[in-house]
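Text of final_39.cif (mmCIF, C-alpha atoms and all ligand atoms) as supplied:
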data_input
loop_
_atom_site.group_PDB
_atom_site.id
_atom_site.type_symbol
_atom_site.label_atom_id
_atom_site.label_comp_id
_atom_site.auth_asym_id
_atom_site.auth_seq_id
_atom_site.Cartn_x
_atom_site.Cartn_y
_atom_site.Cartn_z
ATOM 1 C CA MET A 10 -15.788 69.008 63.028
ATOM 2 C CA PRO A 11 -15.455 66.932 59.845
ATOM 3 C CA GLU A 12 -17.632 63.856 59.708
ATOM 4 C CA ALA A 13 -15.805 60.588 60.496
ATOM 5 C CA GLN A 14 -15.130 58.638 57.305
ATOM 6 C CA PRO A 15 -16.165 54.979 57.283
ATOM 7 C CA THR A 16 -13.220 52.560 57.150
ATOM 8 C CA PRO A 17 -13.148 51.228 53.596
ATOM 9 C CA ALA A 18 -14.278 47.597 53.544
ATOM 10 C CA LEU A 19 -11.555 45.004 53.143
ATOM 11 C CA PRO A 20 -11.497 43.328 49.733
ATOM 12 C CA THR A 21 -12.916 39.816 49.468
ATOM 13 C CA ILE A 22 -10.099 37.340 48.886
ATOM 14 C CA GLY A 23 -10.488 34.332 46.604
ATOM 15 C CA ILE A 24 -8.131 31.384 46.834
ATOM 16 C CA LEU A 25 -7.838 28.870 44.007
ATOM 17 C CA GLY A 26 -6.422 25.718 45.568
ATOM 18 C CA ALA A 27 -7.622 24.164 48.812
ATOM 19 C CA GLY A 28 -4.451 22.259 49.627
ATOM 20 C CA LYS A 29 -1.573 22.963 52.004
ATOM 21 C CA VAL A 30 -0.913 26.589 51.044
ATOM 22 C CA GLY A 31 -4.502 27.512 50.186
ATOM 23 C CA THR A 32 -5.820 26.460 53.587
ATOM 24 C CA VAL A 33 -2.964 28.135 55.526
ATOM 25 C CA LEU A 34 -3.453 31.411 53.637
ATOM 26 C CA SER A 35 -7.203 31.163 54.240
ATOM 27 C CA ARG A 36 -6.648 30.866 57.974
ATOM 28 C CA LEU A 37 -4.224 33.788 58.078
ATOM 29 C CA LEU A 38 -6.472 36.090 56.080
ATOM 30 C CA LEU A 39 -9.626 35.088 57.958
ATOM 31 C CA ALA A 40 -7.788 35.917 61.195
ATOM 32 C CA ALA A 41 -6.986 39.339 59.713
ATOM 33 C CA GLY A 42 -10.689 39.975 59.121
ATOM 34 C CA TYR A 43 -10.971 39.262 55.389
ATOM 35 C CA ARG A 44 -13.846 37.389 53.800
ATOM 36 C CA VAL A 45 -12.296 34.362 52.092
ATOM 37 C CA LEU A 46 -13.739 32.295 49.243
ATOM 38 C CA ILE A 47 -11.920 29.089 48.353
ATOM 39 C CA ALA A 48 -12.042 26.427 45.631
ATOM 40 C CA GLY A 49 -10.368 23.140 44.785
ATOM 41 C CA SER A 50 -10.394 21.635 41.321
ATOM 42 C CA GLY A 51 -13.908 20.210 41.633
ATOM 43 C CA SER A 52 -17.219 20.699 43.346
ATOM 44 C CA PRO A 53 -17.292 22.771 46.577
ATOM 45 C CA THR A 54 -18.974 19.885 48.386
ATOM 46 C CA LYS A 55 -15.729 17.917 47.940
ATOM 47 C CA ILE A 56 -13.761 20.439 50.043
ATOM 48 C CA ALA A 57 -16.504 21.495 52.487
ATOM 49 C CA LEU A 58 -15.364 19.167 55.279
ATOM 50 C CA ILE A 59 -11.662 19.968 54.978
ATOM 51 C CA ILE A 60 -12.411 23.698 54.962
ATOM 52 C CA ASP A 61 -14.593 23.280 58.035
ATOM 53 C CA VAL A 62 -11.657 21.704 59.844
ATOM 54 C CA LEU A 63 -8.670 23.618 58.437
ATOM 55 C CA ALA A 64 -10.079 27.029 57.589
ATOM 56 C CA PRO A 65 -13.433 27.454 59.346
ATOM 57 C CA GLY A 66 -15.182 30.546 58.058
ATOM 58 C CA ALA A 67 -13.838 30.337 54.500
ATOM 59 C CA VAL A 68 -16.609 29.826 51.933
ATOM 60 C CA PRO A 69 -16.164 26.821 49.620
ATOM 61 C CA LEU A 70 -17.294 27.574 46.071
ATOM 62 C CA SER A 71 -16.420 26.422 42.557
ATOM 63 C CA ALA A 72 -13.272 27.901 40.997
ATOM 64 C CA ASP A 73 -15.430 29.899 38.542
ATOM 65 C CA GLU A 74 -17.456 31.379 41.420
ATOM 66 C CA VAL A 75 -14.372 32.247 43.460
ATOM 67 C CA ALA A 76 -12.780 33.973 40.469
ATOM 68 C CA ARG A 77 -16.012 35.846 39.724
ATOM 69 C CA ASP A 78 -16.954 36.915 43.258
ATOM 70 C CA ALA A 79 -13.594 37.779 44.856
ATOM 71 C CA ASP A 80 -11.879 41.159 44.530
ATOM 72 C CA ILE A 81 -8.350 39.751 44.734
ATOM 73 C CA VAL A 82 -7.563 36.134 43.829
ATOM 74 C CA ILE A 83 -4.603 34.087 45.081
ATOM 75 C CA LEU A 84 -3.412 31.221 42.886
ATOM 76 C CA ALA A 85 -2.501 28.291 45.161
ATOM 77 C CA LEU A 86 -2.868 25.379 42.768
ATOM 78 C CA PRO A 87 -0.181 23.279 41.069
ATOM 79 C CA LEU A 88 1.492 25.475 38.438
ATOM 80 C CA GLY A 89 1.230 22.716 35.836
ATOM 81 C CA LYS A 90 -2.559 23.154 35.939
ATOM 82 C CA TYR A 91 -2.476 26.866 35.181
ATOM 83 C CA ARG A 92 -4.477 26.443 32.000
ATOM 84 C CA SER A 93 -7.483 25.410 34.112
ATOM 85 C CA ILE A 94 -7.561 28.845 35.839
ATOM 86 C CA PRO A 95 -10.812 30.640 34.891
ATOM 87 C CA ALA A 96 -9.164 33.492 32.995
ATOM 88 C CA GLU A 97 -12.343 35.240 31.853
ATOM 89 C CA GLN A 98 -13.731 35.605 35.379
ATOM 90 C CA LEU A 99 -10.427 37.106 36.529
ATOM 91 C CA ALA A 100 -10.489 39.944 34.008
ATOM 92 C CA GLY A 101 -9.786 43.324 35.598
ATOM 93 C CA LYS A 102 -8.627 41.787 38.892
ATOM 94 C CA LEU A 103 -5.440 41.666 40.879
ATOM 95 C CA VAL A 104 -4.172 38.078 40.881
ATOM 96 C CA ILE A 105 -1.523 36.976 43.381
ATOM 97 C CA ASP A 106 0.585 34.134 42.039
ATOM 98 C CA ALA A 107 1.839 31.884 44.847
ATOM 99 C CA MET A 108 2.672 28.999 42.495
ATOM 100 C CA ASN A 109 5.995 27.302 41.785
ATOM 101 C CA TYR A 110 7.264 24.875 39.207
ATOM 102 C CA TRP A 111 7.879 21.543 40.920
ATOM 103 C CA TRP A 112 8.703 18.837 38.402
ATOM 104 C CA GLU A 113 7.782 16.029 40.803
ATOM 105 C CA ILE A 114 4.215 17.393 40.725
ATOM 106 C CA ASP A 115 4.051 19.171 37.383
ATOM 107 C CA GLY A 116 6.159 16.760 35.306
ATOM 108 C CA HIS A 117 9.136 17.877 33.197
ATOM 109 C CA ARG A 118 7.866 20.979 31.434
ATOM 110 C CA ALA A 119 10.107 23.159 29.252
ATOM 111 C CA ASP A 120 7.505 25.935 29.286
ATOM 112 C CA LEU A 121 7.651 26.159 33.096
ATOM 113 C CA SER A 122 11.433 25.984 33.458
ATOM 114 C CA ASP A 123 12.703 28.344 30.768
ATOM 115 C CA PRO A 124 15.162 30.743 32.468
ATOM 116 C CA ARG A 125 14.277 33.478 29.985
ATOM 117 C CA THR A 126 10.791 33.836 31.450
ATOM 118 C CA SER A 127 9.586 33.897 35.046
ATOM 119 C CA THR A 128 6.603 31.642 35.644
ATOM 120 C CA SER A 129 4.615 34.683 36.777
ATOM 121 C CA GLU A 130 5.227 36.282 33.358
ATOM 122 C CA LEU A 131 3.780 33.111 31.853
ATOM 123 C CA ILE A 132 0.732 33.427 34.121
ATOM 124 C CA GLN A 133 0.417 37.105 33.173
ATOM 125 C CA SER A 134 0.354 36.093 29.473
ATOM 126 C CA PHE A 135 -2.357 33.542 30.247
ATOM 127 C CA LEU A 136 -4.358 36.208 32.133
ATOM 128 C CA PRO A 137 -3.906 39.204 29.805
ATOM 129 C CA ASP A 138 -6.828 41.111 31.317
ATOM 130 C CA SER A 139 -5.687 40.655 34.937
ATOM 131 C CA ARG A 140 -2.741 42.172 36.802
ATOM 132 C CA VAL A 141 -0.417 39.573 38.312
ATOM 133 C CA VAL A 142 1.815 40.011 41.349
ATOM 134 C CA LYS A 143 4.075 37.248 42.694
ATOM 135 C CA ALA A 144 3.759 36.716 46.464
ATOM 136 C CA PHE A 145 3.515 33.994 49.106
ATOM 137 C CA ASN A 146 5.429 31.499 46.935
ATOM 138 C CA HIS A 147 8.876 31.210 48.510
ATOM 139 C CA MET A 148 8.004 30.322 52.095
ATOM 140 C CA GLY A 149 7.085 26.727 52.972
ATOM 141 C CA TYR A 150 3.563 26.234 54.271
ATOM 142 C CA HIS A 151 4.722 25.236 57.759
ATOM 143 C CA ASP A 152 6.692 28.473 58.054
ATOM 144 C CA LEU A 153 3.708 30.418 56.700
ATOM 145 C CA ASP A 154 1.557 28.766 59.325
ATOM 146 C CA GLU A 155 3.894 29.362 62.248
ATOM 147 C CA GLY A 156 5.495 32.672 61.236
ATOM 148 C CA PRO A 157 2.812 35.364 61.502
ATOM 149 C CA ARG A 158 3.568 38.176 63.945
ATOM 150 C CA PRO A 159 2.030 41.612 64.452
ATOM 151 C CA GLU A 160 3.600 44.446 62.466
ATOM 152 C CA GLY A 161 6.630 45.886 64.260
ATOM 153 C CA THR A 162 7.559 42.656 66.101
ATOM 154 C CA PRO A 163 11.369 42.363 66.097
ATOM 155 C CA GLY A 164 12.543 39.549 63.800
ATOM 156 C CA ARG A 165 9.180 39.342 62.018
ATOM 157 C CA LYS A 166 9.568 37.141 58.923
ATOM 158 C CA ALA A 167 9.271 38.634 55.459
ATOM 159 C CA ILE A 168 7.803 37.688 52.113
ATOM 160 C CA GLY A 169 9.231 38.901 48.827
ATOM 161 C CA ILE A 170 6.742 40.343 46.358
ATOM 162 C CA ALA A 171 7.265 41.282 42.711
ATOM 163 C CA GLY A 172 5.120 43.005 40.128
ATOM 164 C CA ASP A 173 4.929 45.695 37.499
ATOM 165 C CA TYR A 174 2.504 48.237 38.973
ATOM 166 C CA ASP A 175 2.916 50.272 42.113
ATOM 167 C CA ALA A 176 -0.765 50.175 43.125
ATOM 168 C CA ASP A 177 -0.882 46.386 42.786
ATOM 169 C CA LEU A 178 2.307 45.971 44.797
ATOM 170 C CA THR A 179 0.805 48.204 47.480
ATOM 171 C CA ALA A 180 -2.335 46.021 47.580
ATOM 172 C CA ALA A 181 -0.270 42.812 47.693
ATOM 173 C CA ALA A 182 1.938 44.297 50.426
ATOM 174 C CA ALA A 183 -1.169 45.064 52.498
ATOM 175 C CA LEU A 184 -2.249 41.419 52.222
ATOM 176 C CA VAL A 185 1.194 40.125 53.176
ATOM 177 C CA ASN A 186 1.281 42.483 56.151
ATOM 178 C CA ALA A 187 -2.248 41.492 57.213
ATOM 179 C CA ALA A 188 -1.227 37.830 56.986
ATOM 180 C CA GLY A 189 1.528 38.571 59.512
ATOM 181 C CA PHE A 190 4.692 39.139 57.457
ATOM 182 C CA ASP A 191 6.816 42.073 56.315
ATOM 183 C CA PRO A 192 6.408 42.605 52.564
ATOM 184 C CA VAL A 193 9.658 43.213 50.651
ATOM 185 C CA ARG A 194 9.515 44.483 47.080
ATOM 186 C CA VAL A 195 12.120 42.601 45.053
ATOM 187 C CA GLY A 196 11.385 43.877 41.545
ATOM 188 C CA THR A 197 9.179 43.412 38.502
ATOM 189 C CA LEU A 198 7.346 40.330 37.300
ATOM 190 C CA ARG A 199 10.383 39.589 35.127
ATOM 191 C CA ASP A 200 12.566 39.803 38.247
ATOM 192 C CA SER A 201 10.241 37.439 40.129
ATOM 193 C CA ILE A 202 12.389 34.571 38.835
ATOM 194 C CA LEU A 203 14.586 35.342 41.851
ATOM 195 C CA LEU A 204 11.768 34.062 44.106
ATOM 196 C CA GLU A 205 11.438 30.772 42.209
ATOM 197 C CA PRO A 206 12.842 27.300 42.926
ATOM 198 C CA GLY A 207 16.578 27.297 42.151
ATOM 199 C CA SER A 208 17.155 30.673 43.819
ATOM 200 C CA GLU A 209 18.566 31.377 47.270
ATOM 201 C CA LEU A 210 15.250 32.943 48.298
ATOM 202 C CA PHE A 211 13.198 29.869 47.523
ATOM 203 C CA GLY A 212 12.329 28.305 50.883
ATOM 204 C CA ALA A 213 13.580 31.397 52.723
ATOM 205 C CA ASN A 214 12.099 32.121 56.140
ATOM 206 C CA LEU A 215 13.962 35.336 56.910
ATOM 207 C CA PRO A 216 13.308 38.827 58.228
ATOM 208 C CA ALA A 217 13.057 41.695 55.732
ATOM 209 C CA GLU A 218 16.789 42.479 55.668
ATOM 210 C CA GLY A 219 17.646 38.880 54.826
ATOM 211 C CA VAL A 220 15.103 38.790 51.989
ATOM 212 C CA GLN A 221 16.356 42.121 50.634
ATOM 213 C CA ASP A 222 20.008 41.039 50.809
ATOM 214 C CA ALA A 223 19.348 37.732 49.056
ATOM 215 C CA ALA A 224 17.398 39.542 46.316
ATOM 216 C CA THR A 225 20.279 41.987 45.816
ATOM 217 C CA ARG A 226 22.778 39.095 45.632
ATOM 218 C CA PHE A 227 20.766 37.177 43.037
ATOM 219 C CA PRO A 228 22.650 38.421 39.918
ATOM 220 C CA GLU A 229 25.953 37.165 41.397
ATOM 221 C CA THR A 230 24.641 33.663 42.115
ATOM 222 C CA ALA A 231 24.954 30.697 39.728
ATOM 223 C CA ARG A 232 21.204 30.857 39.050
ATOM 224 C CA GLY A 233 21.341 34.612 38.545
ATOM 225 C CA ARG A 234 24.146 34.236 35.991
ATOM 226 C CA GLU A 235 22.292 31.426 34.205
ATOM 227 C CA VAL A 236 19.165 33.589 33.920
ATOM 228 C CA ALA A 237 21.143 36.642 32.736
ATOM 229 C CA ALA A 238 22.997 34.611 30.083
ATOM 230 C CA ALA A 239 19.786 33.023 28.743
ATOM 231 C CA ARG A 240 18.096 36.424 28.573
ATOM 232 C CA ALA A 241 21.089 38.042 26.849
ATOM 233 C CA ASP A 242 21.075 35.280 24.191
ATOM 234 C CA ALA A 243 17.349 35.780 23.667
ATOM 235 C CA ASP A 244 17.818 39.563 23.287
ATOM 236 C CA GLU A 245 20.615 38.973 20.733
ATOM 237 C CA ASP A 246 18.408 36.601 18.713
ATOM 238 C CA GLU A 247 15.642 39.206 18.769
ATOM 239 C CA ASP A 248 18.035 41.936 17.542
ATOM 240 C CA GLU A 249 19.257 39.680 14.695
ATOM 241 C CA ASP A 250 15.663 38.890 13.692
ATOM 242 C CA ALA A 251 14.821 42.607 13.665
ATOM 243 C CA ALA A 252 17.912 43.511 11.527
HETATM 244 N N1 LIG A 301 3.557 23.423 49.839
HETATM 245 C C1 LIG A 301 4.251 24.542 50.103
HETATM 246 O O1 LIG A 301 4.958 24.640 51.129
HETATM 247 C C2 LIG A 301 4.154 25.703 49.155
HETATM 248 C C3 LIG A 301 4.593 26.981 49.567
HETATM 249 C C4 LIG A 301 4.426 28.094 48.733
HETATM 250 C C5 LIG A 301 3.832 27.917 47.488
HETATM 251 N N2 LIG A 301 3.432 26.682 47.086
HETATM 252 C C6 LIG A 301 2.811 26.543 45.761
HETATM 253 O O2 LIG A 301 1.399 26.596 45.946
HETATM 254 C C7 LIG A 301 0.747 25.729 45.005
HETATM 255 C C8 LIG A 301 -0.077 24.713 45.774
HETATM 256 O O3 LIG A 301 0.784 23.934 46.576
HETATM 257 P P1 LIG A 301 0.217 22.988 47.737
HETATM 258 O O4 LIG A 301 1.407 22.427 48.402
HETATM 259 O O5 LIG A 301 -0.806 23.719 48.511
HETATM 260 O O6 LIG A 301 -0.481 21.841 46.853
HETATM 261 P P2 LIG A 301 -1.620 20.815 47.285
HETATM 262 O O7 LIG A 301 -1.609 20.615 48.740
HETATM 263 O O8 LIG A 301 -1.437 19.627 46.395
HETATM 264 O O9 LIG A 301 -2.970 21.566 46.877
HETATM 265 C C9 LIG A 301 -3.262 21.909 45.561
HETATM 266 C C10 LIG A 301 -4.711 22.328 45.515
HETATM 267 O O10 LIG A 301 -4.978 22.894 44.224
HETATM 268 C C11 LIG A 301 -6.244 22.410 43.805
HETATM 269 N N3 LIG A 301 -6.438 22.584 42.368
HETATM 270 C C12 LIG A 301 -5.941 21.893 41.331
HETATM 271 N N4 LIG A 301 -6.382 22.419 40.169
HETATM 272 C C13 LIG A 301 -7.191 23.455 40.500
HETATM 273 C C14 LIG A 301 -7.963 24.377 39.760
HETATM 274 N N5 LIG A 301 -7.975 24.349 38.441
HETATM 275 N N6 LIG A 301 -8.673 25.319 40.427
HETATM 276 C C15 LIG A 301 -8.649 25.370 41.782
HETATM 277 N N7 LIG A 301 -7.947 24.514 42.531
HETATM 278 C C16 LIG A 301 -7.222 23.574 41.904
HETATM 279 C C17 LIG A 301 -6.241 20.978 44.278
HETATM 280 O O11 LIG A 301 -7.563 20.483 44.246
HETATM 281 P P3 LIG A 301 -7.856 18.915 43.994
HETATM 282 O O12 LIG A 301 -7.370 18.217 45.222
HETATM 283 O O13 LIG A 301 -9.316 18.921 43.811
HETATM 284 O O14 LIG A 301 -7.072 18.551 42.760
HETATM 285 C C18 LIG A 301 -5.710 21.183 45.692
HETATM 286 O O15 LIG A 301 -6.737 21.629 46.539
HETATM 287 C C19 LIG A 301 1.855 25.100 44.160
HETATM 288 O O16 LIG A 301 2.030 25.823 42.972
HETATM 289 C C20 LIG A 301 3.085 25.221 45.059
HETATM 290 O O17 LIG A 301 4.301 25.267 44.328
HETATM 291 C C21 LIG A 301 3.570 25.570 47.892
#
Could you express the structure from this file as structure tokens?
Amino acid sequence: MPEAQPTPALPTIGILGAGKVGTVLSRLLLAAGYRVLIAGSGSPTKIALIIDVLAPGAVPLSADEVARDADIVILALPLGKYRSIPAEQLAGKLVIDAMNYWWEIDGHRADLSDPRTSTSELIQSFLPDSRVVKAFNHMGYHDLDEGPRPEGTPGRKAIGIAGDYDADLTAAAALVNAAGFDPVRVGTLRDSILLEPGSELFGANLPAEGVQDAATRFPETARGREVAAARADADEDEDEDAA
């Protein structure tokens, strides 16, 4: 009889951002058996109490330590602060971008609201040595908190994920599933704009079919047409420059 293979250990998850989404995701992933490291913007002692109450079992560390010690890192901080993400420590890692542009928090920022570029593409450019997948961004934190169900439960809610590499999407899908949601692949990092604020899917708390349908409809929506037009203009400008 062949020897039983040990179950491969679950990856350690790092979460940058100890606010509403960061603490909910910590709870969900701890419940699924993952080791979770978490950081706010400052010293770990500043978040120790809140983590004790909201996500007991998660390990508060500095952002540098979380980025260095985790296998997969979830970005759950305000998007406008993306330049404070410890890029060097994230080299070689899968990074899950759960962030959104919210002008009330981030201020009016042309770089974060340009329809030619998804914000996850921007994060990918800032983290050139990491691989970025968009996930966990479109569902409100209350729905994330209340929605988890075991795989196979009828009506289980779904989370759209987008990225450029199959293996990374598979890893992100496993996390989404472990957190209690059906993962739905909606395209590449460039396509992830359809998960952002301004799209039908932003705020969606739907089962997989609903997420898939809304993703398919995106090009026909006002936002979809705006994005397509801006990208076509940019491609034309590029062609003229090259000629
Ligand atoms: N709220 C939602 O329902 C929801 C749902 C999906 C996705 N999101 C997205 O998730 C992100 C976080 O939203 P939130 O509502 O959780 O915000 P939040 O409650 O204000 O929490 C933000 C957290 O990020 C921390 N932070 C700031 N800069 C950091 C850095 N450089 N490194 C590590 N942590 C840092 C903050 O720490 P300090 O307190 O020390 O500054 C705080 O703990 C946003 O991009 C948002 O668009 C939100």
Surrounding residues as a PyMOL selection string, ligand LIG 301 (chain A), max 7 Å, all atoms listed in the file: chain A and resi 25-31+48-51+72+85-88+90-91+93-94+107-111+145-151
Between CA of Pro216 (chain A) and CA of Glu155 (chain A) - distance in Å to one decimal: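 Spanning CA of Glu155 (chain A) to CA of Pro216 (chain A) is a straight-line distance of 13.9 Å.
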Residues selected by the PyMOL selection byres (((chain A and resi 240) around 12) and not hetatm), written as a list of chain:residue names: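 The output of the PyMOL selection byres (((chain A and resi 240) around 12) and not hetatm) on this file is A:Asp123, A:Pro124, A:Arg125, A:Thr126, A:Ser127, A:Arg199, A:Asp200, A:Ile202, A:Gly233, A:Arg234, A:Glu235, A:Val236, A:Ala237, A:Ala238, A:Ala239, A:Ala241, A:Asp242, A:Ala243, A:Asp244, A:Glu245, A:Asp246, A:Glu247.
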Selection dump of the PyMOL selection byres (((chain A and resi 160) around 10) and not hetatm), as a ChimeraX atom specification: /A:157-159,161-163,165,186-191
What are the closest atom pairs, with distances in Å to one decimal, for all residues of region 87-159 of chain A lying within 8 Å of region 169-184 of chain A? Consider all atoms listed in the file, order rows by chain and residue number, and present the result as a Markdown table.
| residue | atom | partner | partner_atom | distance |
| --- | --- | --- | --- | --- |
| A:Leu103 | CA | A:Asp177 | CA | 6.8 |
| A:Ile105 | CA | A:Ala181 | CA | 7.4 |
| A:Arg140 | CA | A:Asp177 | CA | 7.6 |
| A:Val141 | CA | A:Gly172 | CA | 6.8 |
| A:Val142 | CA | A:Gly172 | CA | 4.6 |
| A:Lys143 | CA | A:Ala171 | CA | 5.1 |
| A:Ala144 | CA | A:Ile170 | CA | 4.7 |
| A:Phe145 | CA | A:Gly169 | CA | 7.5 |
| A:His147 | CA | A:Gly169 | CA | 7.7 |
Leu46 (chain A) environment, 7 Å, only C-alpha atoms, sequence neighbours closer than 5 positions dropped, as a list of chain:residue names: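 Here the qualifying residues turn out to be A:Ile22, A:Gly23, A:Ile24, A:Ala67, A:Val68, A:Pro69, A:Leu70, A:Val75.
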Give me the residues near Ala223 (chain A) as a PDB file with C-alpha atoms, keeping the file's coordinate frame, where near means some atom within 12 Å (using all atoms listed in the file) and where sequence neighbours in that chain fewer than 2 positions away do not count.
ATOM      1  CA  ALA A 167       9.271  38.634  55.459  1.00  0.00           C
ATOM      2  CA  ILE A 168       7.803  37.688  52.113  1.00  0.00           C
ATOM      3  CA  GLY A 169       9.231  38.901  48.827  1.00  0.00           C
ATOM      4  CA  VAL A 193       9.658  43.213  50.651  1.00  0.00           C
ATOM      5  CA  VAL A 195      12.120  42.601  45.053  1.00  0.00           C
ATOM      6  CA  LEU A 203      14.586  35.342  41.851  1.00  0.00           C
ATOM      7  CA  LEU A 204      11.768  34.062  44.106  1.00  0.00           C
ATOM      8  CA  SER A 208      17.155  30.673  43.819  1.00  0.00           C
ATOM      9  CA  GLU A 209      18.566  31.377  47.270  1.00  0.00           C
ATOM     10  CA  LEU A 210      15.250  32.943  48.298  1.00  0.00           C
ATOM     11  CA  PHE A 211      13.198  29.869  47.523  1.00  0.00           C
ATOM     12  CA  GLY A 212      12.329  28.305  50.883  1.00  0.00           C
ATOM     13  CA  ALA A 213      13.580  31.397  52.723  1.00  0.00           C
ATOM     14  CA  ASN A 214      12.099  32.121  56.140  1.00  0.00           C
ATOM     15  CA  LEU A 215      13.962  35.336  56.910  1.00  0.00           C
ATOM     16  CA  PRO A 216      13.308  38.827  58.228  1.00  0.00           C
ATOM     17  CA  ALA A 217      13.057  41.695  55.732  1.00  0.00           C
ATOM     18  CA  GLU A 218      16.789  42.479  55.668  1.00  0.00           C
ATOM     19  CA  GLY A 219      17.646  38.880  54.826  1.00  0.00           C
ATOM     20  CA  VAL A 220      15.103  38.790  51.989  1.00  0.00           C
ATOM     21  CA  GLN A 221      16.356  42.121  50.634  1.00  0.00           C
ATOM     22  CA  THR A 225      20.279  41.987  45.816  1.00  0.00           C
ATOM     23  CA  ARG A 226      22.778  39.095  45.632  1.00  0.00           C
ATOM     24  CA  PHE A 227      20.766  37.177  43.037  1.00  0.00           C
ATOM     25  CA  PRO A 228      22.650  38.421  39.918  1.00  0.00           C
ATOM     26  CA  GLU A 229      25.953  37.165  41.397  1.00  0.00           C
ATOM     27  CA  THR A 230      24.641  33.663  42.115  1.00  0.00           C
ATOM     28  CA  GLY A 233      21.341  34.612  38.545  1.00  0.00           C
TER      29      GLY A 233
END
Distance criterion (only C-alpha atoms): nearest to Val33 (chain A) out of A:Val82, A:Ala224, A:Gly156, A:Ala57: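 Among the listed residues, the smallest separation from Val33 (chain A) belongs to A:Gly156.
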Answer key for the PyMOL selection byres (((chain A and resi 137) around 12) and not hetatm), residues as a ChimeraX atom specification: /A:96-104,129-136,138-141
Computed interatomic separation between CA of Ile47 (chain A) and CA of Ala64 (chain A) (Å):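 Computing it gives 9.6 Å between the two atoms.
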Nearest to Asp61 (chain A) by atom-to-atom distance, counting only C-alpha atoms, from A:Thr32, A:Pro192, A:Ile81, A:Glu74: A:Thr32
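If you look at CA of Tyr43 (chain A) and CA of Ile56 (chain A), they are 19.8 Å away from each other.
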Adding 6 Å on each side of the box along x, y and z that holds all listed atoms of region 103-122 of chain A, could you give its centre and edge lengths in Å to one decimal, as lines of an AutoDock Vina configuration file?
center_x = 3.0
center_y = 28.8
center_z = 37.0
size_x = 28.9
size_y = 37.6
size_z = 27.6
Nearest residue to Asp106 (chain A) from the set A:Asp154, A:Asp250, A:Asp120, A:Glu205 (distances using only C-alpha atoms):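 Counting only C-alpha atoms, the residue closest to Asp106 (chain A) is A:Glu205.
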